[in-house]
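Have a look at structure18.cif; it's mmCIF, C-alpha atoms and all ligand atoms:
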```cif
data_entry
loop_
_atom_site.label_atom_id
_atom_site.label_comp_id
_atom_site.auth_asym_id
_atom_site.auth_seq_id
_atom_site.Cartn_x
_atom_site.Cartn_y
_atom_site.Cartn_z
CA MET P 13 58.44 -0.98 -21.93
CA LYS P 14 61.12 1.67 -21.63
CA ARG P 15 64.37 0.31 -20.30
CA LEU P 16 65.50 2.10 -17.16
CA ARG P 17 69.03 3.42 -17.17
CA CYS P 18 71.38 3.83 -14.22
CA ARG P 19 71.52 7.45 -13.12
CA SER P 20 75.27 7.21 -12.51
CA CYS P 21 76.58 5.45 -15.62
CA GLY P 22 73.71 4.96 -18.08
CA GLU P 23 73.95 1.14 -18.08
CA THR P 24 70.79 -0.94 -17.71
CA ALA P 25 69.33 -0.45 -14.23
CA VAL P 26 68.62 -3.46 -12.01
CA ILE P 27 66.50 -1.57 -9.50
CA ASN P 28 64.23 1.43 -9.46
CA LEU P 29 64.05 3.15 -6.09
CA ARG P 30 60.77 4.95 -6.59
CA GLN P 31 60.86 6.77 -3.27
CA HIS P 32 64.16 8.39 -4.29
CA LYS P 33 63.32 8.61 -8.03
CA LEU P 34 66.57 6.74 -8.58
CA ALA P 35 67.38 3.85 -10.92
CA LEU P 36 70.74 2.11 -10.56
CA CYS P 37 72.79 -0.61 -12.20
CA GLU P 38 74.24 -3.48 -10.18
CA VAL P 39 77.58 -1.82 -9.44
CA HIS P 40 76.12 1.55 -8.48
CA PHE P 41 73.33 0.00 -6.43
CA ILE P 42 75.87 -1.89 -4.31
CA GLU P 43 77.89 1.31 -3.94
CA TRP P 44 74.72 3.24 -2.99
CA MET P 45 73.83 0.67 -0.30
CA HIS P 46 77.31 0.98 1.20
CA THR P 47 77.12 4.78 1.18
CA GLN P 48 73.64 4.83 2.72
CA THR P 49 74.73 2.50 5.52
CA ALA P 50 77.90 4.50 6.19
CA ARG P 51 75.80 7.69 6.35
CA ALA P 52 73.37 6.22 8.87
CA ILE P 53 76.30 5.02 11.01
CA ARG P 54 77.74 8.56 11.02
CA LYS P 55 74.46 10.44 11.35
CA TYR P 56 73.29 8.53 14.41
CA ARG P 57 76.84 8.24 15.83
CA MET P 58 76.63 4.45 15.96
CA PHE P 59 80.33 3.60 16.04
CA GLY P 60 83.73 4.53 14.64
CA PRO P 61 86.53 2.66 12.87
CA ASP P 62 88.17 1.67 16.16
CA ASP P 63 85.08 0.07 17.69
CA ARG P 64 84.80 -3.70 17.69
CA VAL P 65 81.33 -4.55 16.38
CA LEU P 66 79.46 -7.79 16.97
CA VAL P 67 76.82 -8.42 14.30
CA ALA P 68 73.89 -10.66 15.26
CA VAL P 69 73.46 -12.93 12.23
CA SER P 70 70.43 -15.14 11.77
CA GLY P 71 71.25 -16.63 8.36
CA GLY P 72 68.66 -14.30 6.79
CA LYS P 73 69.23 -11.66 4.10
CA ASP P 74 69.29 -8.60 6.35
CA SER P 75 71.85 -9.68 8.92
CA LEU P 76 74.19 -11.38 6.43
CA SER P 77 74.02 -8.34 4.15
CA LEU P 78 74.67 -6.05 7.11
CA TRP P 79 77.77 -8.02 8.03
CA ASP P 80 78.89 -7.95 4.40
CA ILE P 81 78.40 -4.17 4.14
CA LEU P 82 80.25 -3.44 7.40
CA LEU P 83 83.21 -5.57 6.35
CA SER P 84 83.22 -3.98 2.88
CA LEU P 85 83.31 -0.56 4.55
CA GLY P 86 86.36 -1.67 6.53
CA TYR P 87 84.79 -1.90 9.99
CA ARG P 88 86.06 -4.39 12.55
CA ALA P 89 82.95 -6.58 12.54
CA ASP P 90 82.53 -10.18 13.71
CA GLY P 91 79.38 -12.29 13.61
CA LEU P 92 77.35 -14.06 16.28
CA TYR P 93 74.94 -16.83 15.39
CA ILE P 94 72.62 -18.02 18.16
CA ASP P 95 71.20 -21.48 17.48
CA LEU P 96 67.77 -21.38 19.10
CA GLY P 97 66.92 -25.01 18.38
CA ILE P 98 63.85 -24.14 16.27
CA ASP P 99 62.76 -26.95 13.99
CA GLY P 100 59.24 -26.28 12.66
CA GLY P 101 59.44 -29.36 10.45
CA ILE P 102 62.11 -27.74 8.27
CA GLY P 103 65.11 -27.87 10.61
CA TYR P 104 64.96 -24.06 10.65
CA SER P 105 67.80 -23.31 13.09
CA THR P 106 70.17 -25.91 11.64
CA ALA P 107 69.59 -24.68 8.09
CA SER P 108 70.04 -21.02 9.10
CA ARG P 109 73.27 -21.86 10.87
CA VAL P 110 74.65 -23.53 7.72
CA TYR P 111 73.95 -20.33 5.74
CA ALA P 112 75.73 -18.19 8.33
CA GLU P 113 78.73 -20.53 8.50
CA LYS P 114 78.99 -20.82 4.73
CA PHE P 115 78.75 -17.06 4.28
CA ALA P 116 81.65 -16.50 6.68
CA ALA P 117 83.84 -19.30 5.37
CA ASP P 118 83.37 -18.57 1.65
CA ARG P 119 83.17 -14.79 1.61
CA TRP P 120 85.06 -13.41 4.59
CA PRO P 121 87.36 -16.20 5.81
CA ASP P 122 89.29 -13.78 8.05
CA ALA P 123 86.18 -12.65 9.93
CA LYS P 124 85.22 -14.49 13.11
CA LEU P 125 81.81 -16.12 13.49
CA HIS P 126 80.89 -17.02 17.07
CA VAL P 127 78.25 -19.73 17.37
CA LEU P 128 76.19 -20.30 20.50
CA ASP P 129 73.92 -23.34 20.79
CA ILE P 130 71.20 -22.59 23.35
CA GLU P 131 70.09 -26.19 23.78
CA LYS P 132 73.66 -27.37 24.37
CA SER P 133 74.43 -24.50 26.74
CA TYR P 134 71.21 -24.48 28.76
CA GLY P 135 69.64 -27.87 28.12
CA ASN P 136 66.48 -26.67 26.38
CA SER P 137 65.30 -25.10 23.11
CA ILE P 138 63.04 -22.04 22.68
CA GLY P 139 59.96 -24.22 22.18
CA GLY P 140 60.87 -26.39 25.16
CA VAL P 141 61.52 -23.55 27.55
CA THR P 142 58.33 -21.74 26.46
CA ARG P 143 56.24 -24.82 27.19
CA LYS P 144 57.99 -25.49 30.46
CA THR P 145 58.14 -22.08 32.06
CA MET P 146 55.12 -20.31 30.68
CA ARG P 147 52.76 -23.26 30.29
CA GLY P 148 51.95 -22.02 26.79
CA ARG P 149 50.66 -18.64 27.98
CA GLU P 150 53.60 -16.74 26.60
CA ARG P 151 54.48 -16.70 22.89
CA PRO P 152 57.82 -18.26 21.91
CA CYS P 153 58.86 -14.88 20.45
CA SER P 154 58.95 -13.15 23.84
CA VAL P 155 61.04 -15.99 25.30
CA CYS P 156 63.23 -15.95 22.20
CA GLY P 157 63.69 -12.16 22.35
CA LEU P 158 64.66 -12.34 26.01
CA ILE P 159 67.19 -15.10 25.40
CA LYS P 160 68.71 -13.38 22.37
CA ARG P 161 69.05 -10.01 24.14
CA HIS P 162 70.67 -11.59 27.17
CA GLU P 163 73.08 -13.79 25.26
CA MET P 164 74.12 -11.09 22.79
CA ASN P 165 74.84 -8.77 25.70
CA ARG P 166 76.72 -11.45 27.59
CA LEU P 167 78.92 -12.48 24.68
CA ALA P 168 79.62 -8.91 23.59
CA TYR P 169 80.75 -8.20 27.14
CA GLU P 170 82.80 -11.39 27.52
CA PHE P 171 84.53 -10.98 24.14
CA GLY P 172 85.12 -7.23 24.53
CA TYR P 173 82.85 -5.81 21.77
CA SER P 174 81.67 -2.25 22.38
CA VAL P 175 78.82 -2.36 19.86
CA LEU P 176 76.09 -4.85 19.00
CA ALA P 177 74.59 -4.45 15.52
CA THR P 178 71.33 -6.00 14.34
CA GLY P 179 69.89 -6.21 10.81
CA HIS P 180 66.53 -4.48 11.45
CA ASN P 181 65.52 -2.77 8.23
CA LEU P 182 63.10 0.10 7.57
CA ASP P 183 60.12 -2.23 7.11
CA ASP P 184 60.80 -3.81 10.52
CA GLU P 185 61.13 -0.43 12.21
CA ALA P 186 58.07 1.05 10.49
CA ALA P 187 55.96 -2.01 11.49
CA VAL P 188 57.04 -1.70 15.13
CA LEU P 189 56.35 2.04 14.98
CA LEU P 190 52.87 1.47 13.57
CA GLY P 191 52.10 -1.06 16.32
CA ASN P 192 53.35 1.30 19.04
CA THR P 193 51.43 4.22 17.55
CA LEU P 194 48.16 2.31 17.26
CA HIS P 195 48.41 1.62 20.99
CA TRP P 196 50.04 4.99 21.83
CA ASN P 197 52.61 3.04 23.72
CA SER P 198 54.62 6.04 24.85
CA GLU P 199 57.21 4.03 26.73
CA TYR P 200 58.13 2.01 23.63
CA LEU P 201 57.87 5.08 21.39
CA GLY P 202 60.32 6.89 23.64
CA ARG P 203 62.67 3.96 23.39
CA GLN P 204 62.51 3.16 19.65
CA ALA P 205 65.71 4.53 18.12
CA PRO P 206 68.55 3.63 15.74
CA VAL P 207 70.93 3.60 18.73
CA LEU P 208 70.32 2.40 22.26
CA PRO P 209 73.02 3.42 24.68
CA GLU P 210 74.69 0.83 26.86
CA ASP P 211 72.55 -0.14 29.90
CA ARG P 212 75.50 0.00 32.18
CA ASN P 213 79.22 0.59 31.96
CA GLY P 214 80.98 -2.18 30.11
CA PHE P 215 77.89 -3.36 28.20
CA ALA P 216 77.52 -2.89 24.48
CA ARG P 217 75.63 -0.12 22.69
CA LYS P 218 72.92 -1.48 20.35
CA VAL P 219 72.68 -0.15 16.82
CA LYS P 220 70.56 -0.69 13.69
CA PRO P 221 72.60 0.52 10.69
CA LEU P 222 69.96 -0.64 8.14
CA CYS P 223 67.06 1.25 9.73
CA ARG P 224 66.60 3.53 6.70
CA LEU P 225 66.84 0.81 4.04
CA TYR P 226 63.75 -0.94 2.67
CA GLU P 227 63.34 -4.71 2.92
CA ARG P 228 63.11 -4.76 -0.87
CA GLU P 229 66.50 -3.06 -1.10
CA MET P 230 68.00 -5.59 1.30
CA ALA P 231 66.65 -8.49 -0.78
CA ALA P 232 68.05 -6.88 -3.94
CA TYR P 233 71.43 -6.33 -2.27
CA ALA P 234 71.69 -9.99 -1.26
CA LEU P 235 70.69 -11.06 -4.75
CA VAL P 236 73.07 -8.88 -6.74
CA SER P 237 75.92 -9.52 -4.29
CA GLY P 238 75.43 -13.27 -4.53
CA ILE P 239 74.73 -13.76 -0.81
CA ALA P 240 72.93 -17.07 -0.19
CA TYR P 241 70.50 -16.88 2.75
CA ILE P 242 67.64 -18.81 4.30
CA GLN P 243 64.44 -18.00 2.42
CA GLU P 244 62.03 -19.54 4.92
CA GLU P 245 60.73 -17.39 7.74
CA CYS P 246 60.97 -18.62 11.32
CA PRO P 247 58.00 -20.98 11.83
CA TYR P 248 56.96 -19.01 14.93
CA SER P 249 56.70 -15.76 12.97
CA VAL P 250 53.57 -16.86 11.08
CA ARG P 251 51.11 -15.38 13.54
CA ALA P 252 53.13 -12.25 14.21
CA THR P 253 51.09 -9.04 14.07
CA SER P 254 54.11 -7.28 12.60
CA LEU P 255 53.56 -9.19 9.33
CA TYR P 256 50.06 -7.75 9.11
CA TYR P 257 51.39 -4.23 9.78
CA LYS P 258 54.00 -4.74 7.07
CA GLU P 259 51.27 -5.66 4.58
CA ILE P 260 49.32 -2.51 5.38
CA LEU P 261 52.41 -0.35 5.07
CA ASN P 262 53.24 -2.00 1.73
CA GLN P 263 49.80 -1.09 0.42
CA MET P 264 50.34 2.53 1.45
CA GLU P 265 53.83 2.50 -0.05
CA GLY P 266 52.42 1.17 -3.35
CA ARG P 267 50.07 4.12 -3.60
CA SER P 268 52.51 6.68 -2.34
CA PRO P 269 56.20 5.77 -2.62
CA GLY P 270 58.22 6.97 0.36
CA THR P 271 55.42 6.51 2.92
CA LYS P 272 57.40 4.09 5.07
CA LEU P 273 60.57 6.14 5.00
CA ASN P 274 58.78 9.39 5.84
CA PHE P 275 56.72 7.74 8.58
CA TYR P 276 59.91 6.54 10.26
CA LEU P 277 62.12 9.59 9.66
CA ASP P 278 59.39 12.05 10.71
CA PHE P 279 58.96 10.01 13.88
CA LEU P 280 62.71 10.24 14.62
CA ARG P 281 62.59 14.02 14.05
CA ALA P 282 59.55 14.37 16.30
CA ARG P 283 61.31 12.30 18.90
CA GLU P 284 64.36 14.56 18.72
CA THR P 285 62.27 17.67 19.23
CA GLY P 286 60.88 16.15 22.42
CA LEU P 287 57.42 15.00 21.26
CA PHE P 288 57.90 11.76 23.16
CA ARG P 289 59.24 11.81 26.64
CA PRO P 290 62.68 10.21 26.56
CA PHE P 291 62.71 6.82 28.14
CA GLU P 292 63.49 7.25 31.81
CA ALA P 293 66.02 4.63 32.74
CA VAL P 294 64.98 2.76 35.87
CA GLU P 295 67.66 2.04 38.37
CA LEU P 296 69.45 -1.13 37.31
CA ARG P 297 71.36 -3.52 39.52
CA GLY P 298 73.51 -6.53 38.67
CA CYS P 299 71.75 -9.91 38.50
CA GLU P 300 72.86 -12.09 41.43
CA ARG P 301 73.73 -14.96 39.12
CA CYS P 302 74.91 -13.59 35.78
CA GLY P 303 75.75 -9.99 36.73
CA GLN P 304 73.83 -8.45 33.82
CA PRO P 305 71.89 -5.22 34.38
CA THR P 306 68.33 -5.85 35.58
CA ALA P 307 65.50 -3.88 37.17
CA LEU P 308 64.42 -6.97 39.10
CA GLU P 309 65.41 -7.90 42.65
CA GLY P 310 67.77 -10.91 42.78
CA LEU P 311 67.75 -12.79 39.49
CA CYS P 312 67.23 -11.20 36.06
CA ALA P 313 64.39 -12.35 33.77
CA PHE P 314 66.76 -14.58 31.79
CA CYS P 315 68.05 -16.45 34.84
CA ARG P 316 64.46 -16.85 36.12
CA LEU P 317 63.50 -18.43 32.80
CA TRP P 318 65.59 -21.52 33.51
CA GLU P 319 64.15 -21.76 37.03
CA GLY P 320 60.54 -21.90 35.79
CA PRO P 321 57.97 -24.46 37.02
CA SER P 322 58.60 -28.02 35.94
CA ASP P 323 56.27 -30.15 33.83
CA GLU P 324 54.72 -32.22 36.65
S1 LIG I 401 63.38 -16.04 15.65
FE1 LIG I 401 62.54 -15.84 17.69
FE2 LIG I 401 61.95 -14.29 15.62
FE3 LIG I 401 61.35 -16.91 15.55
S2 LIG I 401 60.83 -17.26 17.68
FE4 LIG I 401 59.97 -15.27 17.16
S3 LIG I 401 61.55 -13.89 17.77
S4 LIG I 401 59.99 -15.24 14.95
S5 LIG I 401 63.11 -12.53 14.94
ZN ZN I 402 75.70 2.40 -12.98
ZN ZN I 403 70.84 -13.16 35.31
#
```

Any chance you could put this one into structure tokens?
Ligand code: Q46
Ligand code: ZN
Ligand code: ZN
Amino acid sequence: MKRLRCRSCGETAVINLRQHKLALCEVHFIEWMHTQTARAIRKYRMFGPDDRVLVAVSGGKDSLSLWDILLSLGYRADGLYIDLGIDGGIGYSTASRVYAEKFAADRWPDAKLHVLDIEKSYGNSIGGVTRKTMRGRERPCSVCGLIKRHEMNRLAYEFGYSVLATGHNLDDEAAVLLGNTLHWNSEYLGRQAPVLPEDRNGFARKVKPLCRLYEREMAAYALVSGIAYIQEECPYSVRATSLYYKEILNQMEGRSPGTKLNFYLDFLRARETGLFRPFEAVELRGCERCGQPTALEGLCAFCRLWEGPSDE
């Protein structure tokens, strides 16, 4: 088989980016990933060099690589690991936390990693609170999403970060887009974007700097950069419909390289030209207990979670 050569220097290529007709060696691939991320940050006006960025790290390849890229680009980025108390027979949360802590200590010892333990702070884990408050009707992922959003917002606010960055990659975004399109969920379509403005003054903007990078590219970046990460998926993700959508999109990508990227970028263009009605912000008030923006009367959804019906 013909050996692929790096387009920049002619050395042996480690990756072939078929959708860009671009083969790159290790050094130039890392450089390309940094440039692509920097471009997305500028294009979507995510943040500038003076912003303090809080990166939500899960111990997985995407979020650790995102943190690595932002620090390599010289941004003021710290990490936040939320220990959700998920076990799944593999000690999932504990193992993920070790990867996040090791990454910070070994690679970027000057960067700060905040760690929040949900069970210690609130007395219950994701599984426990799902069983208790929803009586099994709700999936752990919706409870988990609610807790993560609330706590990331709270800590960003308390620690004075203006931006919250998550490691969602192109495959994640394209899968969500496919799901929203299949249901013509116009509210979610209007809201799906690389940048979500702050809900209220003082709260952080949410950004996804990896939204144009394939999952495969993220895995390759972690590998060639020597970033160790948790390989197992969250045990609750097994039944997620998004995995099925990802499979379908991968099949399409295999037949026609670039499908995922074009699907997502064409959507963003259509969104910009007004195809989807922009999300109309409902009037938000401060939660009576935690002060975070909420559309609900009295307590926000997060504070209600811990008030749920008891087991009797
Ligand atoms: S961590 Fe949480 Fe994911 Fe696990 S429980 Fe679901 S939402 S699958 S990103
Ligand atoms: Zn090269
Ligand atoms: Zn609240």

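Closest approach to ligand LIG 401 (chain I) among P:Lys218, P:His180, P:Arg109, P:Lys144 is made by P:His180 (distances from only C-alpha atoms and all ligand atoms).
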
Shortest interatomic distance to Glu185 in chain P - which of P:Arg161, P:Lys114, P:Lys258, P:His46, counting all atoms listed in the file: P:Lys258

To check your reading of the model: which residues sit at most 12 Å from ligand ZN 402 (chain I) when counting all atoms listed in the file? Write the answer as a ChimeraX atom specification. /P:16-27,34-44

Now that the selection is made, can you save its residues with C-alpha atoms as a CSV table (one decimal), in the coordinates of the input?
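Below is the file that was written, selection.csv:
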```
chain,number,residue,atom,x,y,z
P,16,LEU,CA,65.5,2.1,-17.2
P,17,ARG,CA,69.0,3.4,-17.2
P,18,CYS,CA,71.4,3.8,-14.2
P,19,ARG,CA,71.5,7.4,-13.1
P,20,SER,CA,75.3,7.2,-12.5
P,21,CYS,CA,76.6,5.4,-15.6
P,22,GLY,CA,73.7,5.0,-18.1
P,23,GLU,CA,74.0,1.1,-18.1
P,24,THR,CA,70.8,-0.9,-17.7
P,25,ALA,CA,69.3,-0.4,-14.2
P,26,VAL,CA,68.6,-3.5,-12.0
P,27,ILE,CA,66.5,-1.6,-9.5
P,34,LEU,CA,66.6,6.7,-8.6
P,35,ALA,CA,67.4,3.8,-10.9
P,36,LEU,CA,70.7,2.1,-10.6
P,37,CYS,CA,72.8,-0.6,-12.2
P,38,GLU,CA,74.2,-3.5,-10.2
P,39,VAL,CA,77.6,-1.8,-9.4
P,40,HIS,CA,76.1,1.6,-8.5
P,41,PHE,CA,73.3,0.0,-6.4
P,42,ILE,CA,75.9,-1.9,-4.3
P,43,GLU,CA,77.9,1.3,-3.9
P,44,TRP,CA,74.7,3.2,-3.0
```

Distance filter 7 Å around ligand ZN 403 (chain I), atoms: only C-alpha atoms and all ligand atoms, out as an NGL selection string: :P and (299-304 or 311-315)

So that each row is one residue of chain P with an atom at most 7 Å from ligand LIG 401 (chain I), can you give its shortest atom pair and the distance in Å to one decimal, using all atoms listed in the file, rows by chain and rising number, as JSON lines?
```
{"residue": "P:Pro152", "atom": "CA", "partner": "I:LIG401", "partner_atom": "S2", "distance": 5.3}
{"residue": "P:Cys153", "atom": "CA", "partner": "I:LIG401", "partner_atom": "FE4", "distance": 3.5}
{"residue": "P:Ser154", "atom": "CA", "partner": "I:LIG401", "partner_atom": "S3", "distance": 6.6}
{"residue": "P:Cys156", "atom": "CA", "partner": "I:LIG401", "partner_atom": "FE1", "distance": 4.6}
{"residue": "P:Gly157", "atom": "CA", "partner": "I:LIG401", "partner_atom": "S3", "distance": 5.3}
{"residue": "P:Cys246", "atom": "CA", "partner": "I:LIG401", "partner_atom": "FE3", "distance": 4.6}
{"residue": "P:Pro247", "atom": "CA", "partner": "I:LIG401", "partner_atom": "FE3", "distance": 6.5}
{"residue": "P:Tyr248", "atom": "CA", "partner": "I:LIG401", "partner_atom": "S4", "distance": 4.8}
{"residue": "P:Ser249", "atom": "CA", "partner": "I:LIG401", "partner_atom": "S4", "distance": 3.9}
```

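Interatomic distance, CA of Asp95 in chain P against CA of Gly139 in chain P: 12.5 Å.
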
How big is the axis-aligned box around the listed atoms of range 47-51 of chain P once 5 Å is added on each side, and where is its centre? Give both in Å to one decimal, as lines of an AutoDock Vina configuration file.
```
center_x = 75.8
center_y = 5.1
center_z = 3.8
size_x = 14.3
size_y = 15.2
size_z = 15.2
```

Neighbour list for Phe215 in chain P as a PyMOL selection string, cut-off 12 Å, only C-alpha atoms, skip fewer than 6 positions in-chain: chain P and resi 161-176+208-209+298+303-305
